[in-house]
Structure formats: C-alpha cells, structure tokens
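Coordinates as given in final_9.cif (mmCIF, C-alpha atoms and all ligand atoms; chains and numbers go by the auth columns):
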data_model
loop_
_atom_site.group_PDB
_atom_site.id
_atom_site.type_symbol
_atom_site.label_atom_id
_atom_site.label_comp_id
_atom_site.label_asym_id
_atom_site.label_seq_id
_atom_site.Cartn_x
_atom_site.Cartn_y
_atom_site.Cartn_z
_atom_site.B_iso_or_equiv
_atom_site.auth_seq_id
_atom_site.auth_asym_id
ATOM 1 C CA MET A 1 116.211 85.260 134.627 0.00 255 A
ATOM 2 C CA MET A 2 112.715 83.849 134.050 0.00 256 A
ATOM 3 C CA GLN A 3 109.760 86.037 134.879 0.00 257 A
ATOM 4 C CA ARG A 4 106.549 84.018 135.001 0.00 258 A
ATOM 5 C CA PRO A 5 103.660 83.675 134.637 0.00 259 A
ATOM 6 C CA VAL A 6 103.087 84.353 130.983 0.00 260 A
ATOM 7 C CA ARG A 7 99.787 85.982 130.075 0.00 261 A
ATOM 8 C CA LEU A 8 97.314 84.243 127.801 0.00 262 A
ATOM 9 C CA HIS A 9 95.308 86.226 125.280 0.00 263 A
ATOM 10 C CA VAL A 10 92.656 84.115 123.606 0.00 264 A
ATOM 11 C CA ASN A 11 91.847 84.805 119.972 0.00 265 A
ATOM 12 C CA VAL A 12 88.125 84.143 119.415 0.00 266 A
ATOM 13 C CA ASP A 13 88.096 84.684 115.615 0.00 267 A
ATOM 14 C CA HIS A 14 87.124 81.113 114.862 0.00 268 A
ATOM 15 C CA VAL A 15 84.015 81.236 117.001 0.00 269 A
ATOM 16 C CA ALA A 16 82.916 83.882 114.494 0.00 270 A
ATOM 17 C CA THR A 17 84.073 81.657 111.605 0.00 271 A
ATOM 18 C CA LEU A 18 81.575 79.027 112.703 0.00 272 A
ATOM 19 C CA ARG A 19 78.843 81.654 112.892 0.00 273 A
ATOM 20 C CA GLN A 20 79.662 83.189 109.496 0.00 274 A
ATOM 21 C CA VAL A 21 79.523 79.888 107.597 0.00 275 A
ATOM 22 C CA ARG A 22 75.806 79.641 108.402 0.00 276 A
ATOM 23 C CA GLY A 23 74.840 83.294 108.789 0.00 277 A
ATOM 24 C CA THR A 24 73.274 82.539 112.176 0.00 278 A
ATOM 25 C CA PRO A 25 73.534 84.816 115.236 0.00 279 A
ATOM 26 C CA TYR A 26 75.372 82.013 117.088 0.00 280 A
ATOM 27 C CA PRO A 27 77.949 81.081 118.224 0.00 281 A
ATOM 28 C CA ASP A 28 78.726 84.551 119.559 0.00 282 A
ATOM 29 C CA PRO A 29 82.428 85.462 119.896 0.00 283 A
ATOM 30 C CA VAL A 30 81.519 87.924 122.654 0.00 284 A
ATOM 31 C CA GLU A 31 79.994 85.156 124.783 0.00 285 A
ATOM 32 C CA ALA A 32 83.086 83.061 124.073 0.00 286 A
ATOM 33 C CA ALA A 33 85.343 85.939 125.160 0.00 287 A
ATOM 34 C CA LEU A 34 83.483 86.311 128.448 0.00 288 A
ATOM 35 C CA ALA A 35 83.737 82.565 129.099 0.00 289 A
ATOM 36 C CA CYS A 36 87.497 82.736 128.404 0.00 290 A
ATOM 37 C CA GLU A 37 87.886 85.619 130.845 0.00 291 A
ATOM 38 C CA ALA A 38 85.915 83.733 133.487 0.00 292 A
ATOM 39 C CA ALA A 39 88.261 80.755 132.967 0.00 293 A
ATOM 40 C CA GLY A 40 91.320 82.917 133.626 0.00 294 A
ATOM 41 C CA ALA A 41 92.390 84.326 130.247 0.00 295 A
ATOM 42 C CA HIS A 42 94.286 87.589 130.670 0.00 296 A
ATOM 43 C CA GLY A 43 93.053 89.182 127.474 0.00 297 A
ATOM 44 C CA ILE A 44 90.994 88.754 124.303 0.00 298 A
ATOM 45 C CA THR A 45 92.345 89.073 120.783 0.00 299 A
ATOM 46 C CA VAL A 46 90.424 89.432 117.531 0.00 300 A
ATOM 47 C CA HIS A 47 91.475 90.048 113.949 0.00 301 A
ATOM 48 C CA LEU A 48 89.118 92.264 111.968 0.00 302 A
ATOM 49 C CA ARG A 49 90.093 91.278 108.443 0.00 303 A
ATOM 50 C CA GLU A 50 89.448 93.408 105.403 0.00 304 A
ATOM 51 C CA ASP A 51 87.281 90.633 103.891 0.00 305 A
ATOM 52 C CA ARG A 52 85.313 90.305 107.173 0.00 306 A
ATOM 53 C CA ARG A 53 85.492 86.539 106.903 0.00 307 A
ATOM 54 C CA HIS A 54 84.995 86.018 110.655 0.00 308 A
ATOM 55 C CA ILE A 55 84.967 88.949 113.094 0.00 309 A
ATOM 56 C CA GLN A 56 82.650 91.840 112.121 0.00 310 A
ATOM 57 C CA PRO A 57 83.054 95.499 113.141 0.00 311 A
ATOM 58 C CA GLU A 58 80.028 95.193 115.464 0.00 312 A
ATOM 59 C CA ASP A 59 81.723 92.270 117.251 0.00 313 A
ATOM 60 C CA VAL A 60 84.666 94.509 118.108 0.00 314 A
ATOM 61 C CA GLU A 61 82.304 97.221 119.354 0.00 315 A
ATOM 62 C CA ARG A 62 80.438 94.734 121.551 0.00 316 A
ATOM 63 C CA LEU A 63 83.696 93.249 122.810 0.00 317 A
ATOM 64 C CA ARG A 64 84.896 96.729 123.747 0.00 318 A
ATOM 65 C CA GLN A 65 81.820 97.184 125.896 0.00 319 A
ATOM 66 C CA ARG A 66 82.038 93.835 127.657 0.00 320 A
ATOM 67 C CA VAL A 67 85.641 92.663 127.846 0.00 321 A
ATOM 68 C CA ARG A 68 86.984 93.431 131.318 0.00 322 A
ATOM 69 C CA THR A 69 90.552 92.208 130.907 0.00 323 A
ATOM 70 C CA LEU A 70 92.197 93.631 127.838 0.00 324 A
ATOM 71 C CA LEU A 71 91.188 93.846 124.184 0.00 325 A
ATOM 72 C CA ASN A 72 93.830 93.383 121.508 0.00 326 A
ATOM 73 C CA LEU A 73 92.693 94.227 117.961 0.00 327 A
ATOM 74 C CA GLU A 74 94.768 92.730 115.155 0.00 328 A
ATOM 75 C CA MET A 75 94.381 94.621 111.914 0.00 329 A
ATOM 76 C CA ALA A 76 96.034 95.627 108.663 0.00 330 A
ATOM 77 C CA PRO A 77 97.952 98.912 108.777 0.00 331 A
ATOM 78 C CA THR A 78 95.523 101.063 106.808 0.00 332 A
ATOM 79 C CA GLU A 79 93.927 104.490 107.245 0.00 333 A
ATOM 80 C CA ALA A 80 90.427 103.021 107.482 0.00 334 A
ATOM 81 C CA MET A 81 91.373 100.495 110.158 0.00 335 A
ATOM 82 C CA THR A 82 93.256 103.138 112.122 0.00 336 A
ATOM 83 C CA GLU A 83 90.137 105.345 112.096 0.00 337 A
ATOM 84 C CA PHE A 84 88.075 102.383 113.258 0.00 338 A
ATOM 85 C CA ALA A 85 90.493 101.615 116.115 0.00 339 A
ATOM 86 C CA LEU A 86 90.562 105.240 117.263 0.00 340 A
ATOM 87 C CA ARG A 87 86.789 105.174 117.456 0.00 341 A
ATOM 88 C CA VAL A 88 86.401 101.785 119.208 0.00 342 A
ATOM 89 C CA ARG A 89 89.491 102.115 121.427 0.00 343 A
ATOM 90 C CA PRO A 90 90.885 98.628 122.046 0.00 344 A
ATOM 91 C CA ASN A 91 93.685 98.552 124.627 0.00 345 A
ATOM 92 C CA ILE A 92 96.175 97.325 122.045 0.00 346 A
ATOM 93 C CA VAL A 93 96.308 97.428 118.257 0.00 347 A
ATOM 94 C CA THR A 94 98.531 94.792 116.670 0.00 348 A
ATOM 95 C CA PHE A 95 99.441 95.570 113.083 0.00 349 A
ATOM 96 C CA VAL A 96 99.558 92.426 110.975 0.00 350 A
ATOM 97 C CA PRO A 97 100.159 91.948 107.255 0.00 351 A
ATOM 98 C CA GLU A 98 97.051 90.921 105.357 0.00 352 A
ATOM 99 C CA ARG A 99 96.544 89.277 101.986 0.00 353 A
ATOM 100 C CA ARG A 100 93.052 88.456 100.811 0.00 354 A
ATOM 101 C CA GLU A 101 93.885 85.055 99.378 0.00 355 A
ATOM 102 C CA GLU A 102 95.743 83.741 102.444 0.00 356 A
ATOM 103 C CA ARG A 103 94.109 81.149 104.682 0.00 357 A
ATOM 104 C CA THR A 104 95.568 82.810 107.780 0.00 358 A
ATOM 105 C CA THR A 105 98.314 85.356 108.517 0.00 359 A
ATOM 106 C CA GLU A 106 101.260 83.834 106.703 0.00 360 A
ATOM 107 C CA GLY A 107 104.207 85.970 107.703 0.00 361 A
ATOM 108 C CA GLY A 108 105.325 88.829 109.881 0.00 362 A
ATOM 109 C CA LEU A 109 104.904 92.496 109.041 0.00 363 A
ATOM 110 C CA ASP A 110 107.895 94.040 107.280 0.00 364 A
ATOM 111 C CA ALA A 111 108.238 96.862 109.821 0.00 365 A
ATOM 112 C CA ASP A 112 111.558 97.883 108.279 0.00 366 A
ATOM 113 C CA GLY A 113 110.360 98.019 104.662 0.00 367 A
ATOM 114 C CA LEU A 114 107.023 99.670 105.529 0.00 368 A
ATOM 115 C CA PHE A 115 108.529 102.172 107.965 0.00 369 A
ATOM 116 C CA ASP A 116 107.244 105.364 106.280 0.00 370 A
ATOM 117 C CA MET A 117 103.724 104.027 105.892 0.00 371 A
ATOM 118 C CA LEU A 118 103.567 102.719 109.472 0.00 372 A
ATOM 119 C CA LYS A 119 105.037 105.730 111.256 0.00 373 A
ATOM 120 C CA PRO A 120 102.047 108.145 110.989 0.00 374 A
ATOM 121 C CA LEU A 121 99.485 105.405 111.752 0.00 375 A
ATOM 122 C CA ILE A 122 101.381 104.388 114.898 0.00 376 A
ATOM 123 C CA GLN A 123 101.740 108.026 115.898 0.00 377 A
ATOM 124 C CA ARG A 124 97.999 108.610 115.677 0.00 378 A
ATOM 125 C CA LEU A 125 97.137 105.504 117.671 0.00 379 A
ATOM 126 C CA LYS A 126 99.630 106.440 120.380 0.00 380 A
ATOM 127 C CA GLU A 127 98.230 109.969 120.547 0.00 381 A
ATOM 128 C CA GLY A 128 94.813 108.351 120.946 0.00 382 A
ATOM 129 C CA GLY A 129 96.083 106.444 123.993 0.00 383 A
ATOM 130 C CA ILE A 130 96.219 103.038 122.280 0.00 384 A
ATOM 131 C CA GLU A 131 99.266 100.805 122.702 0.00 385 A
ATOM 132 C CA VAL A 132 100.679 99.485 119.443 0.00 386 A
ATOM 133 C CA SER A 133 102.236 96.094 118.805 0.00 387 A
ATOM 134 C CA LEU A 134 103.785 94.781 115.591 0.00 388 A
ATOM 135 C CA PHE A 135 103.504 91.154 114.512 0.00 389 A
ATOM 136 C CA ILE A 136 106.986 90.520 113.118 0.00 390 A
ATOM 137 C CA GLU A 137 109.405 87.789 112.211 0.00 391 A
ATOM 138 C CA ALA A 138 111.966 87.068 114.946 0.00 392 A
ATOM 139 C CA GLU A 139 114.733 89.155 113.348 0.00 393 A
ATOM 140 C CA PRO A 140 116.927 91.914 114.825 0.00 394 A
ATOM 141 C CA LYS A 141 116.243 94.091 111.743 0.00 395 A
ATOM 142 C CA GLN A 142 112.510 94.050 112.498 0.00 396 A
ATOM 143 C CA ILE A 143 113.068 94.672 116.224 0.00 397 A
ATOM 144 C CA ASP A 144 115.222 97.683 115.358 0.00 398 A
ATOM 145 C CA ALA A 145 112.477 99.000 113.079 0.00 399 A
ATOM 146 C CA ALA A 146 109.878 98.508 115.838 0.00 400 A
ATOM 147 C CA LEU A 147 112.089 100.503 118.203 0.00 401 A
ATOM 148 C CA ARG A 148 112.508 103.325 115.684 0.00 402 A
ATOM 149 C CA LEU A 149 108.756 103.315 115.100 0.00 403 A
ATOM 150 C CA GLY A 150 108.221 103.925 118.822 0.00 404 A
ATOM 151 C CA VAL A 151 105.959 100.970 119.608 0.00 405 A
ATOM 152 C CA SER A 152 106.007 99.438 123.099 0.00 406 A
ATOM 153 C CA ARG A 153 105.259 95.860 122.071 0.00 407 A
ATOM 154 C CA ILE A 154 106.157 93.237 119.499 0.00 408 A
ATOM 155 C CA GLU A 155 104.750 89.793 118.760 0.00 409 A
ATOM 156 C CA PHE A 156 106.966 87.133 117.220 0.00 410 A
ATOM 157 C CA HIS A 157 105.410 85.002 114.494 0.00 411 A
ATOM 158 C CA THR A 158 105.656 81.407 115.714 0.00 412 A
ATOM 159 C CA GLY A 159 104.084 79.815 112.623 0.00 413 A
ATOM 160 C CA HIS A 160 107.389 78.497 111.274 0.00 414 A
ATOM 161 C CA TYR A 161 108.140 76.832 114.618 0.00 415 A
ATOM 162 C CA ALA A 162 104.612 75.421 114.853 0.00 416 A
ATOM 163 C CA ASN A 163 104.757 73.938 111.349 0.00 417 A
ATOM 164 C CA ALA A 164 108.256 72.469 111.681 0.00 418 A
ATOM 165 C CA LYS A 165 109.276 69.059 112.970 0.00 419 A
ATOM 166 C CA GLY A 166 112.444 67.634 114.552 0.00 420 A
ATOM 167 C CA GLU A 167 115.603 69.497 113.668 0.00 421 A
ATOM 168 C CA GLU A 168 113.706 72.201 111.789 0.00 422 A
ATOM 169 C CA ALA A 169 111.645 72.945 114.910 0.00 423 A
ATOM 170 C CA GLU A 170 114.853 73.188 116.947 0.00 424 A
ATOM 171 C CA LYS A 171 116.250 75.642 114.403 0.00 425 A
ATOM 172 C CA ALA A 172 113.079 77.715 114.543 0.00 426 A
ATOM 173 C CA LEU A 173 113.282 77.781 118.355 0.00 427 A
ATOM 174 C CA HIS A 174 116.894 78.897 118.135 0.00 428 A
ATOM 175 C CA THR A 175 115.904 81.780 115.839 0.00 429 A
ATOM 176 C CA LEU A 176 113.157 82.846 118.265 0.00 430 A
ATOM 177 C CA HIS A 177 115.584 82.557 121.191 0.00 431 A
ATOM 178 C CA GLN A 178 118.287 84.643 119.510 0.00 432 A
ATOM 179 C CA ALA A 179 115.888 87.418 118.551 0.00 433 A
ATOM 180 C CA ALA A 180 114.325 87.454 122.025 0.00 434 A
ATOM 181 C CA GLU A 181 117.803 87.762 123.567 0.00 435 A
ATOM 182 C CA TYR A 182 118.536 90.647 121.206 0.00 436 A
ATOM 183 C CA ASN A 183 115.383 92.364 122.487 0.00 437 A
ATOM 184 C CA ALA A 184 116.074 91.507 126.145 0.00 438 A
ATOM 185 C CA LYS A 185 119.493 93.157 125.941 0.00 439 A
ATOM 186 C CA LEU A 186 118.139 96.489 124.707 0.00 440 A
ATOM 187 C CA LYS A 187 118.221 99.403 127.142 0.00 441 A
ATOM 188 C CA GLN A 188 114.416 99.291 127.130 0.00 442 A
ATOM 189 C CA PRO A 189 113.284 95.878 125.883 0.00 443 A
ATOM 190 C CA LEU A 190 109.967 95.797 124.049 0.00 444 A
ATOM 191 C CA HIS A 191 107.147 93.831 125.676 0.00 445 A
ATOM 192 C CA LEU A 192 107.413 90.471 123.923 0.00 446 A
ATOM 193 C CA ALA A 193 104.405 88.409 122.834 0.00 447 A
ATOM 194 C CA ALA A 194 104.309 85.375 120.532 0.00 448 A
ATOM 195 C CA GLY A 195 101.622 83.688 118.533 0.00 449 A
ATOM 196 C CA HIS A 196 100.406 81.633 115.618 0.00 450 A
ATOM 197 C CA GLY A 197 99.937 77.906 115.430 0.00 451 A
ATOM 198 C CA LEU A 198 100.517 77.376 119.161 0.00 452 A
ATOM 199 C CA THR A 199 99.166 74.229 120.830 0.00 453 A
ATOM 200 C CA VAL A 200 99.302 72.617 124.264 0.00 454 A
ATOM 201 C CA ALA A 201 102.139 70.454 122.910 0.00 455 A
ATOM 202 C CA ASN A 202 104.352 73.139 121.395 0.00 456 A
ATOM 203 C CA VAL A 203 103.898 75.886 124.024 0.00 457 A
ATOM 204 C CA PRO A 204 106.077 74.389 126.829 0.00 458 A
ATOM 205 C CA PRO A 205 109.200 73.931 124.627 0.00 459 A
ATOM 206 C CA LEU A 206 108.684 77.468 123.277 0.00 460 A
ATOM 207 C CA LEU A 207 108.484 79.024 126.742 0.00 461 A
ATOM 208 C CA ARG A 208 111.492 77.023 127.921 0.00 462 A
ATOM 209 C CA ALA A 209 113.562 78.151 124.930 0.00 463 A
ATOM 210 C CA VAL A 210 112.410 81.784 125.014 0.00 464 A
ATOM 211 C CA PRO A 211 112.041 82.829 128.658 0.00 465 A
ATOM 212 C CA SER A 212 111.476 86.518 127.916 0.00 466 A
ATOM 213 C CA ILE A 213 108.086 85.903 126.262 0.00 467 A
ATOM 214 C CA ARG A 214 105.485 87.730 128.353 0.00 468 A
ATOM 215 C CA GLU A 215 102.323 86.855 126.479 0.00 469 A
ATOM 216 C CA LEU A 216 100.866 84.303 124.074 0.00 470 A
ATOM 217 C CA ASN A 217 98.062 84.897 121.568 0.00 471 A
ATOM 218 C CA ILE A 218 96.330 81.603 120.890 0.00 472 A
ATOM 219 C CA GLY A 219 93.164 81.012 118.900 0.00 473 A
ATOM 220 C CA HIS A 220 92.675 78.071 116.582 0.00 474 A
ATOM 221 C CA ALA A 221 93.847 75.365 119.005 0.00 475 A
ATOM 222 C CA ILE A 222 91.723 76.683 121.891 0.00 476 A
ATOM 223 C CA VAL A 223 88.557 76.947 119.792 0.00 477 A
ATOM 224 C CA SER A 224 89.246 73.458 118.394 0.00 478 A
ATOM 225 C CA ASP A 225 89.722 71.953 121.877 0.00 479 A
ATOM 226 C CA ALA A 226 86.555 73.731 122.988 0.00 480 A
ATOM 227 C CA LEU A 227 84.532 71.559 120.599 0.00 481 A
ATOM 228 C CA PHE A 228 85.364 68.519 122.700 0.00 482 A
ATOM 229 C CA TRP A 229 85.814 69.894 126.211 0.00 483 A
ATOM 230 C CA GLY A 230 84.206 73.304 126.354 0.00 484 A
ATOM 231 C CA ILE A 231 86.002 76.604 126.114 0.00 485 A
ATOM 232 C CA ALA A 232 86.608 77.072 129.857 0.00 486 A
ATOM 233 C CA TYR A 233 88.414 73.753 130.114 0.00 487 A
ATOM 234 C CA ALA A 234 90.350 74.488 126.920 0.00 488 A
ATOM 235 C CA VAL A 235 91.577 77.798 128.355 0.00 489 A
ATOM 236 C CA ARG A 236 92.513 76.276 131.713 0.00 490 A
ATOM 237 C CA ARG A 237 94.410 73.491 129.966 0.00 491 A
ATOM 238 C CA PHE A 238 96.552 76.068 128.154 0.00 492 A
ATOM 239 C CA LEU A 239 97.063 78.059 131.352 0.00 493 A
ATOM 240 C CA ARG A 240 98.301 74.899 133.054 0.00 494 A
ATOM 241 C CA ALA A 241 100.643 74.111 130.161 0.00 495 A
ATOM 242 C CA MET A 242 102.052 77.644 130.443 0.00 496 A
ATOM 243 C CA GLU A 243 102.517 77.481 134.208 0.00 497 A
ATOM 244 C CA ALA A 244 104.037 74.016 134.392 0.00 498 A
ATOM 245 C CA LEU A 245 107.559 75.235 133.686 0.00 499 A
HETATM 246 N N1 LIG B . 98.764 86.289 116.614 0.00 1 B
HETATM 247 C C1 LIG B . 98.495 86.879 115.433 0.00 1 B
HETATM 248 C C2 LIG B . 99.149 88.189 115.119 0.00 1 B
HETATM 249 C C3 LIG B . 97.584 86.309 114.515 0.00 1 B
HETATM 250 O O1 LIG B . 97.329 86.923 113.354 0.00 1 B
HETATM 251 C C4 LIG B . 96.943 85.106 114.870 0.00 1 B
HETATM 252 C C5 LIG B . 95.930 84.507 113.949 0.00 1 B
HETATM 253 O O2 LIG B . 94.869 85.390 113.792 0.00 1 B
HETATM 254 C C6 LIG B . 97.243 84.531 116.124 0.00 1 B
HETATM 255 C C7 LIG B . 98.175 85.130 116.953 0.00 1 B
HETATM 256 C C8 LIG B . 96.581 83.276 116.588 0.00 1 B
HETATM 257 O O3 LIG B . 96.975 82.204 115.803 0.00 1 B
HETATM 258 P P1 LIG B . 96.276 80.778 115.986 0.00 1 B
HETATM 259 O O4 LIG B . 94.841 80.970 115.639 0.00 1 B
HETATM 260 O O5 LIG B . 97.017 79.903 115.042 0.00 1 B
HETATM 261 O O6 LIG B . 96.450 80.392 117.438 0.00 1 B
#

What do you get writing this file as structure tokens?
Ligand code: PXP
Amino acid sequence: MMQRPVRLHVNVDHVATLRQVRGTPYPDPVEAALACEAAGAHGITVHLREDRRHIQPEDVERLRQRVRTLLNLEMAPTEAMTEFALRVRPNIVTFVPERREERTTEGGLDADGLFDMLKPLIQRLKEGGIEVSLFIEAEPKQIDAALRLGVSRIEFHTGHYANAKGEEAEKALHTLHQAAEYNAKLKQPLHLAAGHGLTVANVPPLLRAVPSIRELNIGHAIVSDALFWGIAYAVRRFLRAMEAL
C-alpha cells in the first residue's frame, strides 16, 4: 500500500561549500534554507563535519533559529557532536560515518558493529527530546541493530544505486526494496528515509521500487540545479518528480 506524498528534506551543505572556498560571507546556507522552505521543502538537512569543510557550527545555530519546518543535523557519532546537538537542539540527529579523507559520505554506519559506542549517545539525545536516525546500508542486520538501539528512524544509503547503471542499478533497487520490506513488516516499522546521490532522474524509479520510503534527503543535485534555475525552481522540480507517481 503506497502512502504518498514523500517528504523532501533539502541538504544545503554545498551552498556553504561555495562560501568556504572563498572565505566570503556569501552565499549563506541559511538564506538558501529559507528559500527552500518557501518553495515547499518539508525540512532542512546539514552535515556538520569534523573538518568543517562546509557547514560551520554557527550555521547550525542560525538555522535552528530560523528554520520553521524541521532541522535534521547529520553528524559523526562522537561525544563532542552529541554535546553540540544537545545544546543546539535540531529536531533530528542523523548519525553518519565520517572519514576525513573521503569526498562525501561513502558508506552507511555500521550500527551493528558500533552498537556499544552508539547506545549511550542515542540514549542521551532521546532524553534530550531529539529524534535519532541512523544512516545505514539497506541490510536487515543494520535494521535489527537500529531497532535494538531504540531509534525511531533510519535512512538508507542510496549511493550505490545512484552510481550504478543498467543491471547493477536494478540490483541495487532490489536490495533497497528487500530491506524496506523487511522494515515494513516489523511490528513497529522505523520511519524510512533515503538519500545520497539522488537526482530528478533516479528518484522516480527509486520511489516506485521502494514505496515505504517516507522522506528523501537531497543536496548536491538541488544546489547544482539551482546554479541554472534558482533554488526555488530546483526544489519544486524535485517535488514534482516525487509526486508524479
Ligand atoms: N543523506 C546523508 C546521510 C548524507 O550524508 C548526504 C550527504 O551529505 C545526503 C543525504 C545528501 O546527499 P547528496 O548531496 O548526494 O544529495
């Protein structure tokens, strides 16, 4: 049974990337976030990386003050970041794996292998009234770990699907479908998001193959399209692609 519409959370990291390469005050990711909200985005996502290569701590603080939809903070599962999140209070914290040398997040979090390290951090965020999501590979083992960790949300890594072509893309969709069905059949399914590498072209086949996805986190493609058409149009174009199912 399909439940639409899917919610769109726009990741504005790369607006900050453009700012950081020149050390100027512009373009401002907060202004971009507000324009995305005005265009119909259901939430704003940012990744505060350890190396601070794009989003800065002050950006998250300013976003917290001005975002009216929902703020999702992606971050590494560390003590320092957990303290930061408890102070700034985003609506959602998404734990992601982080490696300094990577160009972007390259894989899902090993929720199963890192269980003991994650458990107390998740506990503290939940006690602080913050919802926790885990960015994981589409695998039953990771969904089981997320359940045992007591989070309410998971986000499937769609990078493999986005990078694949032809038969490989079909296989990746099948993997996402199977894992989503595993989640959907749980007594209390976890709220399912997906993200990484998503474009106007690859979103419709993904949503057709995985009807239980409730939310997409999309950044790079929207900011790229915004260069040519403006960010409001870029957001609306994705919303249309998501609704046209
Ligand atoms: N979801 C997560 C957990 C991510 O780490 C990222 C990249 O920061 C995205 C979604 C967005 O990916 P993209 O920029 O490729 O749309």

For this session: Please identify all polymer residues lying at most 10 Å from the point (108.9, 96.0, 123.5) (file coordinates), using only C-alpha atoms, and present the result as a VMD selection string.
Result: chain A and resid 386 to 388 397 400 to 401 404 to 409 437 to 438 440 442 to 447

Exercise. So which residues are near ligand LIG 1 (chain B), meaning at most 10 Å away with all atoms listed in the file counted, given back as a PyMOL selection string?
Worked result: chain A and resi 263-268+299-303+326-330+348-352+358-363+387-390+408-413+416+447-453+470-478

Problem set entry | Nearby residues (all atoms listed in the file) at most 12 Å from segment 423-426 of chain A, same-chain spacing under 2 positions excluded, as a ChimeraX atom specification | /A:391-393,410-421,428-433,456,459-460,463-464

Exercise. Quick one: which residues end up in the PyMOL selection byres (((chain A and resi 272) around 12) and not hetatm) for this structure, as number ranges by chain?
Worked result: A: 266-271, 273-283, 307-309, 474, 477-478, 481

Please write the residues from the selection above to a file, keeping C-alpha atoms, as an mmCIF file, keeping the file's coordinate frame.
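Dumped to selection.cif:
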data_model
loop_
_atom_site.group_PDB
_atom_site.id
_atom_site.type_symbol
_atom_site.label_atom_id
_atom_site.label_comp_id
_atom_site.auth_asym_id
_atom_site.auth_seq_id
_atom_site.Cartn_x
_atom_site.Cartn_y
_atom_site.Cartn_z
ATOM 1 C CA VAL A 266 88.125 84.143 119.415
ATOM 2 C CA ASP A 267 88.096 84.684 115.615
ATOM 3 C CA HIS A 268 87.124 81.113 114.862
ATOM 4 C CA VAL A 269 84.015 81.236 117.001
ATOM 5 C CA ALA A 270 82.916 83.882 114.494
ATOM 6 C CA THR A 271 84.073 81.657 111.605
ATOM 7 C CA ARG A 273 78.843 81.654 112.892
ATOM 8 C CA GLN A 274 79.662 83.189 109.496
ATOM 9 C CA VAL A 275 79.523 79.888 107.597
ATOM 10 C CA ARG A 276 75.806 79.641 108.402
ATOM 11 C CA GLY A 277 74.840 83.294 108.789
ATOM 12 C CA THR A 278 73.274 82.539 112.176
ATOM 13 C CA PRO A 279 73.534 84.816 115.236
ATOM 14 C CA TYR A 280 75.372 82.013 117.088
ATOM 15 C CA PRO A 281 77.949 81.081 118.224
ATOM 16 C CA ASP A 282 78.726 84.551 119.559
ATOM 17 C CA PRO A 283 82.428 85.462 119.896
ATOM 18 C CA ARG A 307 85.492 86.539 106.903
ATOM 19 C CA HIS A 308 84.995 86.018 110.655
ATOM 20 C CA ILE A 309 84.967 88.949 113.094
ATOM 21 C CA HIS A 474 92.675 78.071 116.582
ATOM 22 C CA VAL A 477 88.557 76.947 119.792
ATOM 23 C CA SER A 478 89.246 73.458 118.394
ATOM 24 C CA LEU A 481 84.532 71.559 120.599
#

For this session: Go through the shown structure with the PyMOL selection byres (((chain A and resi 495) around 12) and not hetatm) and write out the matching residues as a list in words.
Result: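 Listing what the PyMOL selection byres (((chain A and resi 495) around 12) and not hetatm) selects in the shown file: Pro259, Val260, Arg261, Leu262, Leu452, Thr453, Val454, Ala455, Asn456, Val457, Pro458, Pro459, Leu460, Leu461, Arg462, Leu470, Ala488, Val489, Arg490, Arg491, Phe492, Leu493, Arg494, Met496, Glu497, Ala498 and Leu499 of chain A.
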
Exercise. Counting all atoms listed in the file, which of A:Ala399, A:Val347, A:Met335, A:Ile298 gets nearest to Asp364 of chain A?
Worked result: A:Ala399

For this session: Go through A:Leu324, A:Glu312, A:Gln319, A:Arg353 one by one, measure the shortest atom-to-atom distance of each to Glu291 of chain A using all atoms listed in the file, and give the residue with the smallest value.
Result: A:Leu324

Exercise. A:Leu340, A:Ala334, A:Ala295, A:Met371: which is nearest Arg322 of chain A, counting only C-alpha atoms?
Worked result: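 Among the listed residues, the smallest separation from Arg322 of chain A belongs to A:Ala295.
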
Problem set entry | Straight-line distance linking atom CA of Gly297 of chain A with atom CA of Gly484 of chain A, stated in Å to one decimal |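 Atom CA of Gly297 of chain A sits 18.2 Å away from atom CA of Gly484 of chain A.
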
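When all atoms listed in the file are used to measure the gap to Thr323 of chain A, the shortest distance among A:Pro394, A:Gly294, A:Gly367, A:Pro374 belongs to A:Gly294.
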
Exercise. Atom CA of Glu315 of chain A and atom CA of Ala289 of chain A, how far apart in Å?
Worked result: 17.7 Å

Problem set entry | Å distance separating atom CA of Ala286 of chain A from atom CA of Phe482 of chain A, one decimal place |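 Spanning atom CA of Ala286 of chain A to atom CA of Phe482 of chain A is a straight-line distance of 14.8 Å.
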
Exercise. With all atoms listed in the file as the atoms that count, which of A:Leu379, A:Val284, A:Leu427, A:Ala365 lies nearest to Gln310 of chain A?
Worked result: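 The closest residue to Gln310 of chain A is A:Val284.
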
Please, can segment 425-433 of chain A be completed to N, CA, C and O atoms and returned as a CSV table (one decimal), keeping the file's coordinate frame?
chain,number,residue,atom,x,y,z
A,425,LYS,N,115.7,74.5,115.1
A,425,LYS,CA,116.2,75.6,114.4
A,425,LYS,C,115.3,76.9,114.6
A,425,LYS,O,115.8,78.0,114.9
A,426,ALA,N,114.0,76.6,114.4
A,426,ALA,CA,113.1,77.7,114.5
A,426,ALA,C,113.1,78.2,116.0
A,426,ALA,O,113.0,79.5,116.2
A,427,LEU,N,113.2,77.3,117.0
A,427,LEU,CA,113.3,77.8,118.4
A,427,LEU,C,114.5,78.6,118.6
A,427,LEU,O,114.5,79.6,119.3
A,428,HIS,N,115.6,78.2,118.0
A,428,HIS,CA,116.9,78.9,118.1
A,428,HIS,C,116.8,80.3,117.6
A,428,HIS,O,117.2,81.3,118.2
A,429,THR,N,116.1,80.4,116.4
A,429,THR,CA,115.9,81.8,115.8
A,429,THR,C,115.1,82.7,116.8
A,429,THR,O,115.4,83.8,117.0
A,430,LEU,N,114.0,82.1,117.3
A,430,LEU,CA,113.2,82.8,118.3
A,430,LEU,C,114.0,83.2,119.5
A,430,LEU,O,113.9,84.4,120.0
A,431,HIS,N,114.8,82.3,120.0
A,431,HIS,CA,115.6,82.6,121.2
A,431,HIS,C,116.6,83.7,120.9
A,431,HIS,O,116.7,84.6,121.7
A,432,GLN,N,117.3,83.6,119.8
A,432,GLN,CA,118.3,84.6,119.5
A,432,GLN,C,117.7,86.0,119.4
A,432,GLN,O,118.2,87.0,119.9
A,433,ALA,N,116.5,86.1,118.7
A,433,ALA,CA,115.9,87.4,118.6
A,433,ALA,C,115.4,87.9,119.9
A,433,ALA,O,115.4,89.1,120.2
